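Colleague: Quick one: the structure is below, and I'll ask about it shortly.
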Amino acid sequence: MSQLTLDQYALVEKARRFTWEHLVPLEQTLTQQEGIEPEQARTLMRLGQESRLFATNIDSKYGGVGLSTFENVLVQEQLGATKDVLIRRATGNIYECLTLGTAIQQERYLFPALKGERWCSLAVSEPEAGSDAASIKTCATKNDRGWVLNGRKMYISDAEYSDYFIVAAKTAPELGAKGISLFLVDKNVPGFSLGQRFNMMGFVGTSHNELILDQIHLDEDALLGEVNQGFQMLHQTLGKARLAKVSARGLGKCVRLLDLMMEHAKQRHQFGKPIVETGNIQYILADCAIEIRAARALLWETAKRMDSGESCREEISMLKVFVSELVGRVADHAVQIFGASGCHDGHLIESFYRDARLFRIIDGTSEVHRNIIANSLIKQGTPAVVDI
Ligand SMILES: Cc1cc2nc3c(=O)[nH]c(=O)nc-3n(C[C@H](O)[C@H](O)[C@H](O)COP(=O)(O)OP(=O)(O)OC[C@H]3O[C@@H](n4cnc5c(N)ncnc54)[C@H](O)[C@@H]3O)c2cc1C
């Protein structure tokens, strides 16, 4: 903490207090089918707004809190100690690409999102396009009144909760990744429906759905940004989100799990002594601490470099791989240290273990991010990627 200014330290404390006071107590209320009650979600949002922890990633010129990337990862690590759906409800889930919209689009989508009046999901994945997102089949065809959208999207987080969607669609199929555009699609337009609901093994308390987009007629101004620039816009804006929502929050989960393991290992006695006195358990705890500190060092360095204008593409991928795999290792150790008491339905350790497994899949799989790092190594050479 000594590397932080007093203001940054105060921000960390505020986020920590907020998490423990308002979010952690609700963890056990989340179930596969049920999220938090709508009234409770509104309360969380109001508390997040009052604490200036809502829309921390959005520039203050639009009405967000406008934290720097570094300040935002400090906050997100503290929030990350708890369940993702609670964090989303309390702090918003506002995609930065919405700031690239026209004044009318900002009025209709961004500003209501910043007030917590309208919620948004991002819809890219499809039945046959996951890692290879450029192979999406959803298509938007131009006509004299606007666009006609057809396709299917899969596993869209928060789909039942959201009011509108940022949908990736092909506008020039022959151009591959360079022929994809983003569209703002309201949930209530004719032709839009929610398809199958997938109960995921983790991240309970929200829905993951199929979206059916059947001959949806969209006005000209449903197009977000320039035509065929969708992928570029996502690449420009999703890096910071990946750093904050996956790496920083994942790190927060590792710290929480380490705390829980410590607490349990001190109070659980076997063979006449606390299990924390056994060497193997001490080594597990020490290894977790080493890896958490290493991950945080790379996270802070990357966030600071991004604030000074660097894109840090490889570092973001390194962190995505390292932290998502670290959460898995730490959660696995936690199950081992808790033994049977951490294995059963409804136990916090069991639910964090299930959440942890999803980290390696969401926001680009570990393999896809390793490909990015390896490609950069091959193209640019070692010094560019592993610089000093
Ligand atoms: C909880 C959850 C929430 C999600 N929310 C959303 C959402 O809100 N919006 C959205 O658009 N999507 C969402 N997704 C989908 C997510 O983006 C995809 O799951 C992810 O992109 C991986 O695609 P896939 O699951 O189809 O796996 P696939 O792409 O089919 O990959 C299967 C396996 O093959 C490997 N593989 C594939 N290609 C390569 C390669 N070239 N080299 C090496 N290995 C490779 C992968 O790494 C993986 O291990 C969500 C998924 C989950 C689990």
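Residue numbering restarts at 1 for every chain of the structure tokens, chains are lettered A, B, ... in their displayed order, and ligands are numbered from 1 as they appear.
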I'd like to know which residues of region 139-383 of chain A are alpha helix (DSSP H) (by DSSP, run on the backbone); could you write them as JSON, numbers by chain?

Modeller: {"A": [230, 231, 232, 233, 234, 235, 236, 237, 238, 239, 240, 241, 249, 250, 251, 252, 253, 254, 255, 256, 257, 258, 259, 260, 261, 262, 263, 264, 265, 266, 267, 279, 280, 281, 282, 283, 284, 285, 286, 287, 288, 289, 290, 291, 292, 293, 294, 295, 296, 297, 298, 299, 300, 301, 302, 303, 304, 305, 306, 307, 313, 314, 315, 316, 317, 318, 319, 320, 321, 322, 323, 324, 325, 326, 327, 328, 329, 330, 331, 332, 333, 334, 335, 336, 337, 338, 348, 349, 350, 351, 352, 353, 354, 355, 356, 357, 358, 366, 367, 368, 369, 370, 371, 372, 373, 374, 375, 376, 377, 378, 379, 380, 382, 383]}

Colleague: 8 Å from ligand 1 is the threshold here; counting only C-alpha atoms and all ligand atoms, which polymer residues fall inside it? Answer as an NGL selection string.

Modeller: :A and (121-133 or 153-159 or 200 or 202-203 or 208 or 358 or 361-368 or 371)

Colleague: Please identify which residues in region 89-266 of chain A DSSP calls strand (DSSP E or B) from the backbone, and express them as a PyMOL selection string.

Modeller: chain A and resi 120-123+126+129+139-143+146-157+164-170+180-186+192-197+208-219+223-224

Colleague: Choose the residue, out of A:Gln105, A:Ser324, A:Asn143, A:Thr278, that has the smallest atom-to-atom separation from Phe359 (chain A); count only C-alpha atoms.

Modeller: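 Ranking A:Gln105, A:Ser324, A:Asn143, A:Thr278 by distance to Phe359 (chain A), first place goes to A:Ser324.
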
Colleague: Tell me which of A:Glu27, A:Asp84, A:Glu310, A:Glu117 sits closest to Gly239 (chain A), counting only C-alpha atoms.

Modeller: A:Glu310

Colleague: Give me, as an MDAnalysis selection string, all polymer residues having an atom no more than 12 Å from Tyr62 (chain A), counting only C-alpha atoms and skipping those fewer than 3 positions away in the same chain.

Modeller: chainID A and resid 55:59 65:66 94 96 98:101 103 106:107 109:115

Colleague: Please list as a ChimeraX atom specification every residue within 7 Å of Leu218 (chain A), counting only C-alpha atoms and excluding residues in the same chain fewer than 3 positions away.

Modeller: /A:146-148,222

Colleague: What's around Gln78 (chain A) at 12 Å? Count only C-alpha atoms, leave out sequence neighbours fewer than 2 positions away in its own chain, and write the answer as a ChimeraX atom specification.

Modeller: /A:9,11-20,23-24,53,71-76,80-84,87,244-245,247-256

Colleague: Which residue is closest to Gly63 (chain A)? Choose from A:Asn150, A:Asn280, A:Thr31, A:Gln49 and count only C-alpha atoms.

Modeller: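 Among the listed residues, A:Gln49 lies closest to Gly63 (chain A).
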
Colleague: Which of these, A:Lys320, A:Asn228, A:Met262, A:Asp219, has the shortest distance to Glu174 (chain A) once you count only C-alpha atoms?

Modeller: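 Of all the options, A:Asn228 lies closest to Glu174 (chain A).
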
Colleague: Can you work out the spacing between CA of Cys139 (chain A) and CA of Ser207 (chain A) in Å, to one decimal?

Modeller: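 Pair CA of Cys139 (chain A) / CA of Ser207 (chain A) returns 24.6 Å.
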
Colleague: At what distance in Å, to one decimal, does CA of Glu291 (chain A) lie from CA of Glu325 (chain A)?

Modeller: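 Distance between the two atoms: 10.8 Å.
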
Colleague: Tell me which of A:Gln196, A:Ser162, A:Gln33, A:Gln232 sits closest to Arg89 (chain A), counting only C-alpha atoms.

Modeller: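 Ranking A:Gln196, A:Ser162, A:Gln33, A:Gln232 by distance to Arg89 (chain A), first place goes to A:Ser162.
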
Colleague: Measuring atom to atom with only C-alpha atoms, identify which of A:Thr302, A:Ala289, A:Ala384, A:His369 is nearest to Phe322 (chain A).

Modeller: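 Once distances to Phe322 (chain A) are computed over only C-alpha atoms, the minimum belongs to A:His369.
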